[in-house]
Amino acid sequence: MSKYWSPLTAALEPYIPGEQPKDKKYIKLNTNENPYPPSPNAMAAMADAINEDLRLYPDPNCESLVVALATRHGLQPNQIFVGNGSDEILAFAFASFFDPSKPVLFPDISYSFYKVYAKFYGITPKLIPLDEQFNIKVEEYVGEHGGIIIPNPNAPTAILISLENIKQLLEQNPEQVVIVDEAYIDFGGQSAVVLVDSYPNLLVIQTLSKSRSLAGLRVGFAFGSAELIEGLNRTKNSFNSYTLDRVALAGAVASIEDETYFVEMNAKVIATRERVVKQLEELHFLVTPSAANFVFISHRSIPAKQLFEQLRAEGVLVRYFDSPRIDNFLRVSIGTDEEMDAFVTALQKLTVQ
Ligand SMILES: *Cc1c(COP(=O)(O)O)cnc(C)c1O
């Protein structure tokens, strides 16, 4: 606490990102990064973009990237917003669409950044409990409220809901914006982006951080009706007009255009996930059905916190959340086959009874 802080800053409860330790080399399965490199085309485009033009500001409208995304998804450019990571877009979206005089609905177990944004904007969240199996209960997202946000697949549970369920959410709540945070959708889900033309209250947010191996570049995008996108642009242009730099724009466009590499790398992650799920079940773990690049697991007898600490000592980092309902679970990112083999070998050692 400092006497120099504004009341706003003094009251914040900042997000705590997964650790990025420097003390030794770990097998890092704690922040859902992709184990494979970005598209070689993206890396070449970025190297190319490091030139004298960097003295110039980047395009504030990020037109090249908006057009690449519009082409890929069959949308109009005015239905697309791009930002400096989807976290930034989420921050803009909370400000643009959620009325602080009413509660905003999201699952009791979901991306912990939502609570942080709510606090920042003076919004009171109303947490809707997942059911016993951690499924989102769509029918409970009704009543007086200021908007809805859900991750799909959900994080950290990895569980997907269907497009039919998303439609139900949209139809139940035509007066409020429904944000679907699709950070992990490319690992086995069907994107709600196909609903954008039919539902003016839908905002779909995606990122290059997970399925395109570009967490370090900080690029995210949103799809929605022209009126929602205009709302995001009003907010963005009240903070910072140049959110994406020239190098990021070049890399992002080349990544979006490299469909072949994208499909190939995602298939590898999914194949590894399916193999590891079987091994974990053999080791007596409960594994939630994952449509993401991570698994959410709980051992039949050994407490998650203990396993988390023992794995760390073995040089394997996973994510442990000391929160209600999930404090006996670990969230484990899908790494390369070699990394996952090392993880499973460590678990075999730790779980022998
Ligand atoms: C990783 C993640 C994000 C953040 O993505 P960035 O684009 O890297 O900011 C947003 N939402 C969820 C649910 C995530 O897991």
# chains A, B, ... in the order shown; residues from 1 in each chain; ligands from 1

$ residues_around --residues "region 40-51 of chain A" --least-positions-apart "4" --cutoff "9 Å" --atoms "only C-alpha atoms" --output "ChimeraX atom specification"
/A:55,246-258,261

$ residues_around --residues "Tyr114 (chain A)" --least-positions-apart "2" --cutoff "9 Å" --atoms "only C-alpha atoms" --output "list in words"
Leu90, Ala91, Phe94, Phe106, Ser110, Tyr111, Ser112, Val116, Tyr117, Ala118, Lys119, Pro125 and Ile149 of chain A

$ residues_near_ligand --ligand "ligand 1" --cutoff "6 Å" --atoms "only C-alpha atoms and all ligand atoms" --output "mmCIF file with all heavy atoms, in the first residue's frame"
data_model
loop_
_atom_site.group_PDB
_atom_site.id
_atom_site.type_symbol
_atom_site.label_atom_id
_atom_site.label_comp_id
_atom_site.auth_asym_id
_atom_site.auth_seq_id
_atom_site.Cartn_x
_atom_site.Cartn_y
_atom_site.Cartn_z
ATOM 1 N N GLY A 85 -3.208 -9.271 -27.327
ATOM 2 C CA GLY A 85 -3.557 -10.423 -26.488
ATOM 3 C C GLY A 85 -5.049 -10.407 -26.203
ATOM 4 O O GLY A 85 -5.684 -9.345 -26.187
ATOM 5 N N SER A 86 -5.636 -11.593 -26.003
ATOM 6 C CA SER A 86 -7.076 -11.572 -25.721
ATOM 7 C C SER A 86 -7.351 -11.004 -24.345
ATOM 8 O O SER A 86 -8.442 -10.506 -24.089
ATOM 9 C CB SER A 86 -7.716 -12.942 -25.939
ATOM 10 O OG SER A 86 -7.103 -13.909 -25.164
ATOM 11 N N ASP A 87 -6.378 -11.017 -23.455
ATOM 12 C CA ASP A 87 -6.588 -10.381 -22.147
ATOM 13 C C ASP A 87 -6.933 -8.902 -22.313
ATOM 14 O O ASP A 87 -7.803 -8.377 -21.618
ATOM 15 C CB ASP A 87 -5.337 -10.524 -21.272
ATOM 16 C CG ASP A 87 -5.175 -11.941 -20.706
ATOM 17 O OD1 ASP A 87 -6.175 -12.692 -20.676
ATOM 18 O OD2 ASP A 87 -4.055 -12.288 -20.301
ATOM 19 N N TYR A 111 -11.951 -18.740 -15.838
ATOM 20 C CA TYR A 111 -10.701 -17.984 -15.956
ATOM 21 C C TYR A 111 -10.653 -16.926 -14.844
ATOM 22 O O TYR A 111 -11.553 -16.078 -14.756
ATOM 23 C CB TYR A 111 -10.669 -17.351 -17.336
ATOM 24 C CG TYR A 111 -9.367 -16.698 -17.731
ATOM 25 C CD1 TYR A 111 -8.139 -17.231 -17.374
ATOM 26 C CD2 TYR A 111 -9.372 -15.542 -18.515
ATOM 27 C CE1 TYR A 111 -6.955 -16.633 -17.770
ATOM 28 C CE2 TYR A 111 -8.195 -14.944 -18.930
ATOM 29 C CZ TYR A 111 -6.992 -15.487 -18.548
ATOM 30 O OH TYR A 111 -5.829 -14.889 -18.954
ATOM 31 N N PRO A 151 -15.739 -19.067 -20.691
ATOM 32 C CA PRO A 151 -14.722 -19.624 -21.578
ATOM 33 C C PRO A 151 -15.276 -20.920 -22.173
ATOM 34 O O PRO A 151 -15.949 -21.675 -21.481
ATOM 35 C CB PRO A 151 -13.556 -19.951 -20.639
ATOM 36 C CG PRO A 151 -13.971 -19.541 -19.261
ATOM 37 C CD PRO A 151 -15.459 -19.408 -19.286
ATOM 38 N N ALA A 155 -11.924 -23.013 -18.714
ATOM 39 C CA ALA A 155 -10.620 -23.126 -18.065
ATOM 40 C C ALA A 155 -10.845 -22.907 -16.578
ATOM 41 O O ALA A 155 -11.600 -22.000 -16.226
ATOM 42 C CB ALA A 155 -9.674 -22.062 -18.612
ATOM 43 N N ASP A 181 -15.248 -16.822 -24.615
ATOM 44 C CA ASP A 181 -13.787 -16.714 -24.641
ATOM 45 C C ASP A 181 -13.243 -18.060 -25.156
ATOM 46 O O ASP A 181 -13.217 -19.049 -24.423
ATOM 47 C CB ASP A 181 -13.318 -16.405 -23.216
ATOM 48 C CG ASP A 181 -11.808 -16.312 -23.075
ATOM 49 O OD1 ASP A 181 -11.080 -16.579 -24.053
ATOM 50 O OD2 ASP A 181 -11.348 -15.986 -21.961
ATOM 51 N N ALA A 183 -10.226 -19.241 -26.078
ATOM 52 C CA ALA A 183 -8.762 -19.371 -26.087
ATOM 53 C C ALA A 183 -8.314 -20.775 -26.533
ATOM 54 O O ALA A 183 -7.250 -20.939 -27.116
ATOM 55 C CB ALA A 183 -8.201 -19.041 -24.706
ATOM 56 N N THR A 207 -7.362 -16.146 -29.531
ATOM 57 C CA THR A 207 -5.985 -15.687 -29.309
ATOM 58 C C THR A 207 -4.987 -16.486 -30.140
ATOM 59 O O THR A 207 -5.244 -17.639 -30.485
ATOM 60 C CB THR A 207 -5.633 -15.812 -27.803
ATOM 61 O OG1 THR A 207 -4.247 -15.511 -27.619
ATOM 62 C CG2 THR A 207 -5.879 -17.219 -27.264
ATOM 63 N N SER A 209 -2.193 -17.124 -28.764
ATOM 64 C CA SER A 209 -1.270 -17.579 -27.719
ATOM 65 C C SER A 209 -1.203 -19.089 -27.561
ATOM 66 O O SER A 209 -0.178 -19.618 -27.150
ATOM 67 C CB SER A 209 -1.662 -16.983 -26.367
ATOM 68 O OG SER A 209 -1.517 -15.590 -26.389
ATOM 69 N N ALA A 215 2.265 -17.055 -27.872
ATOM 70 C CA ALA A 215 1.960 -16.374 -26.601
ATOM 71 C C ALA A 215 2.875 -15.167 -26.398
ATOM 72 O O ALA A 215 2.477 -14.161 -25.815
ATOM 73 C CB ALA A 215 2.093 -17.348 -25.435
ATOM 74 N N ARG A 218 1.642 -11.619 -28.181
ATOM 75 C CA ARG A 218 0.513 -10.884 -27.609
ATOM 76 C C ARG A 218 -0.453 -10.403 -28.691
ATOM 77 O O ARG A 218 -0.553 -9.218 -28.980
ATOM 78 C CB ARG A 218 0.980 -9.688 -26.743
ATOM 79 C CG ARG A 218 2.093 -9.983 -25.769
ATOM 80 C CD ARG A 218 1.758 -11.081 -24.792
ATOM 81 N NE ARG A 218 0.515 -10.851 -24.092
ATOM 82 C CZ ARG A 218 -0.486 -11.765 -24.011
ATOM 83 N NH1 ARG A 218 -0.352 -12.967 -24.541
ATOM 84 N NH2 ARG A 218 -1.590 -11.480 -23.366
ATOM 85 N N VAL A 219 -1.152 -11.328 -29.302
ATOM 86 C CA VAL A 219 -2.176 -10.972 -30.287
ATOM 87 C C VAL A 219 -3.447 -11.763 -30.006
ATOM 88 O O VAL A 219 -3.408 -12.992 -29.847
ATOM 89 C CB VAL A 219 -1.719 -11.244 -31.742
ATOM 90 C CG1 VAL A 219 -2.825 -10.861 -32.739
ATOM 91 C CG2 VAL A 219 -0.445 -10.468 -32.063
ATOM 92 N N GLY A 220 -4.555 -11.056 -29.947
ATOM 93 C CA GLY A 220 -5.857 -11.696 -29.818
ATOM 94 C C GLY A 220 -6.835 -11.032 -30.767
ATOM 95 O O GLY A 220 -6.527 -9.978 -31.350
#

$ closest_residue --among "A:Ser213, A:Ser191, A:Thr157, A:Asn240" --to "Ile297 (chain A)" --atoms "only C-alpha atoms"
A:Thr157

$ residues_around --residues "Thr351 (chain A)" --least-positions-apart "4" --cutoff "8 Å" --atoms "only C-alpha atoms" --output "list in words"
Leu283, Ile302 and Leu347 of chain A

$ select_by_dssp --residues "region 73-124 of chain A" --states "strand (DSSP E or B)" --output "number ranges by chain"
A: 80-83, 104-107

$ write_last_selection --atoms "C-alpha atoms" --output "compact mmCIF listing (two decimals), in the first residue's frame"
# COMPACT_ATOMS: atom_id res chain seq x y z
CA ILE A 80 -13.54 -8.07 -36.35
CA PHE A 81 -11.47 -6.44 -33.63
CA VAL A 82 -7.82 -7.20 -32.90
CA GLY A 83 -5.85 -6.48 -29.76
CA VAL A 104 -22.24 -9.98 -14.58
CA LEU A 105 -22.68 -13.73 -14.80
CA PHE A 106 -19.88 -16.25 -15.16
CA PRO A 107 -19.13 -19.76 -13.85

$ closest_residue --among "A:Ser162, A:Val193, A:Tyr26, A:Leu202" --to "Gly147 (chain A)" --atoms "only C-alpha atoms"
A:Leu202

$ decode --residues "region 132-145 of chain A" --atoms "all heavy atoms" --output "short mmCIF file (atom, residue, chain, number, x, y, z; two decimals), in the first residue's frame"
data_model
loop_
_atom_site.label_atom_id
_atom_site.label_comp_id
_atom_site.auth_asym_id
_atom_site.auth_seq_id
_atom_site.Cartn_x
_atom_site.Cartn_y
_atom_site.Cartn_z
N GLU A 132 -21.88 -30.91 -10.59
CA GLU A 132 -20.90 -31.77 -9.91
C GLU A 132 -19.78 -32.25 -10.84
O GLU A 132 -18.65 -32.46 -10.43
CB GLU A 132 -21.60 -33.00 -9.32
CG GLU A 132 -22.42 -32.69 -8.08
CD GLU A 132 -21.57 -32.14 -6.96
OE1 GLU A 132 -20.57 -32.79 -6.60
OE2 GLU A 132 -21.89 -31.03 -6.45
N GLN A 133 -20.14 -32.44 -12.13
CA GLN A 133 -19.13 -32.90 -13.11
C GLN A 133 -18.42 -31.72 -13.77
O GLN A 133 -17.74 -31.89 -14.78
CB GLN A 133 -19.78 -33.77 -14.19
CG GLN A 133 -20.02 -35.21 -13.77
CD GLN A 133 -21.19 -35.32 -12.79
OE1 GLN A 133 -22.24 -34.70 -12.98
NE2 GLN A 133 -20.99 -36.08 -11.73
N PHE A 134 -18.63 -30.52 -13.24
CA PHE A 134 -18.01 -29.30 -13.76
C PHE A 134 -18.60 -28.85 -15.10
O PHE A 134 -17.93 -28.18 -15.88
CB PHE A 134 -16.49 -29.45 -13.91
CG PHE A 134 -15.74 -29.59 -12.61
CD1 PHE A 134 -14.55 -30.29 -12.55
CD2 PHE A 134 -16.21 -29.01 -11.44
CE1 PHE A 134 -13.83 -30.42 -11.37
CE2 PHE A 134 -15.51 -29.13 -10.24
CZ PHE A 134 -14.32 -29.84 -10.21
N ASN A 135 -19.84 -29.23 -15.40
CA ASN A 135 -20.48 -28.72 -16.62
C ASN A 135 -21.15 -27.38 -16.35
O ASN A 135 -21.70 -27.16 -15.27
CB ASN A 135 -21.52 -29.72 -17.13
CG ASN A 135 -20.87 -31.02 -17.58
OD1 ASN A 135 -19.99 -31.01 -18.43
ND2 ASN A 135 -21.27 -32.13 -16.97
N ILE A 136 -21.15 -26.51 -17.36
CA ILE A 136 -21.84 -25.23 -17.26
C ILE A 136 -23.34 -25.48 -17.38
O ILE A 136 -23.79 -26.19 -18.28
CB ILE A 136 -21.35 -24.28 -18.39
CG1 ILE A 136 -19.90 -23.86 -18.11
CG2 ILE A 136 -22.28 -23.08 -18.54
CD1 ILE A 136 -19.27 -22.98 -19.17
N LYS A 137 -24.12 -24.92 -16.43
CA LYS A 137 -25.56 -25.10 -16.47
C LYS A 137 -26.20 -23.90 -17.17
O LYS A 137 -26.54 -22.88 -16.55
CB LYS A 137 -26.09 -25.24 -15.04
CG LYS A 137 -25.62 -26.55 -14.38
CD LYS A 137 -26.39 -26.87 -13.11
CE LYS A 137 -25.79 -26.17 -11.91
NZ LYS A 137 -26.42 -26.56 -10.63
N VAL A 138 -26.34 -24.04 -18.48
CA VAL A 138 -26.75 -22.93 -19.33
C VAL A 138 -28.08 -22.32 -18.90
O VAL A 138 -28.25 -21.09 -18.93
CB VAL A 138 -26.83 -23.43 -20.80
CG1 VAL A 138 -27.35 -22.35 -21.70
CG2 VAL A 138 -25.46 -23.90 -21.26
N GLU A 139 -29.00 -23.18 -18.45
CA GLU A 139 -30.34 -22.69 -18.12
C GLU A 139 -30.33 -21.73 -16.92
O GLU A 139 -31.28 -20.98 -16.71
CB GLU A 139 -31.29 -23.88 -17.88
CG GLU A 139 -30.97 -24.79 -16.69
CD GLU A 139 -29.80 -25.77 -16.92
OE1 GLU A 139 -29.18 -25.76 -18.01
OE2 GLU A 139 -29.49 -26.54 -15.98
N GLU A 140 -29.23 -21.70 -16.18
CA GLU A 140 -29.19 -20.82 -15.00
C GLU A 140 -28.68 -19.40 -15.33
O GLU A 140 -28.65 -18.54 -14.46
CB GLU A 140 -28.33 -21.45 -13.90
CG GLU A 140 -29.00 -22.70 -13.36
CD GLU A 140 -28.38 -23.22 -12.08
OE1 GLU A 140 -27.43 -22.60 -11.56
OE2 GLU A 140 -28.84 -24.28 -11.62
N TYR A 141 -28.31 -19.19 -16.59
CA TYR A 141 -27.81 -17.86 -16.97
C TYR A 141 -28.98 -17.01 -17.46
O TYR A 141 -29.14 -16.76 -18.66
CB TYR A 141 -26.71 -17.98 -18.04
CG TYR A 141 -25.42 -18.56 -17.47
CD1 TYR A 141 -25.34 -19.91 -17.14
CD2 TYR A 141 -24.31 -17.75 -17.24
CE1 TYR A 141 -24.19 -20.45 -16.59
CE2 TYR A 141 -23.14 -18.28 -16.69
CZ TYR A 141 -23.09 -19.63 -16.37
OH TYR A 141 -21.95 -20.16 -15.83
N VAL A 142 -29.83 -16.62 -16.51
CA VAL A 142 -31.03 -15.84 -16.83
C VAL A 142 -31.27 -14.81 -15.73
O VAL A 142 -30.53 -14.78 -14.75
CB VAL A 142 -32.28 -16.77 -16.92
CG1 VAL A 142 -32.27 -17.58 -18.20
CG2 VAL A 142 -32.37 -17.69 -15.70
N GLY A 143 -32.30 -14.00 -15.90
CA GLY A 143 -32.68 -13.04 -14.86
C GLY A 143 -32.09 -11.67 -15.12
O GLY A 143 -31.54 -11.41 -16.19
N GLU A 144 -32.19 -10.80 -14.11
CA GLU A 144 -31.66 -9.44 -14.21
C GLU A 144 -30.14 -9.50 -14.16
O GLU A 144 -29.57 -9.94 -13.16
CB GLU A 144 -32.13 -8.64 -12.99
CG GLU A 144 -33.31 -7.73 -13.20
CD GLU A 144 -33.01 -6.59 -14.16
OE1 GLU A 144 -32.26 -5.68 -13.80
OE2 GLU A 144 -33.52 -6.64 -15.29
N HIS A 145 -29.47 -9.10 -15.20
CA HIS A 145 -28.01 -9.07 -15.13
C HIS A 145 -27.46 -8.12 -16.19
O HIS A 145 -28.19 -7.66 -17.06
CB HIS A 145 -27.43 -10.48 -15.27
CG HIS A 145 -27.69 -11.13 -16.59
ND1 HIS A 145 -26.88 -10.93 -17.67
CD2 HIS A 145 -28.67 -11.97 -17.01
CE1 HIS A 145 -27.35 -11.63 -18.70
NE2 HIS A 145 -28.44 -12.26 -18.33
#
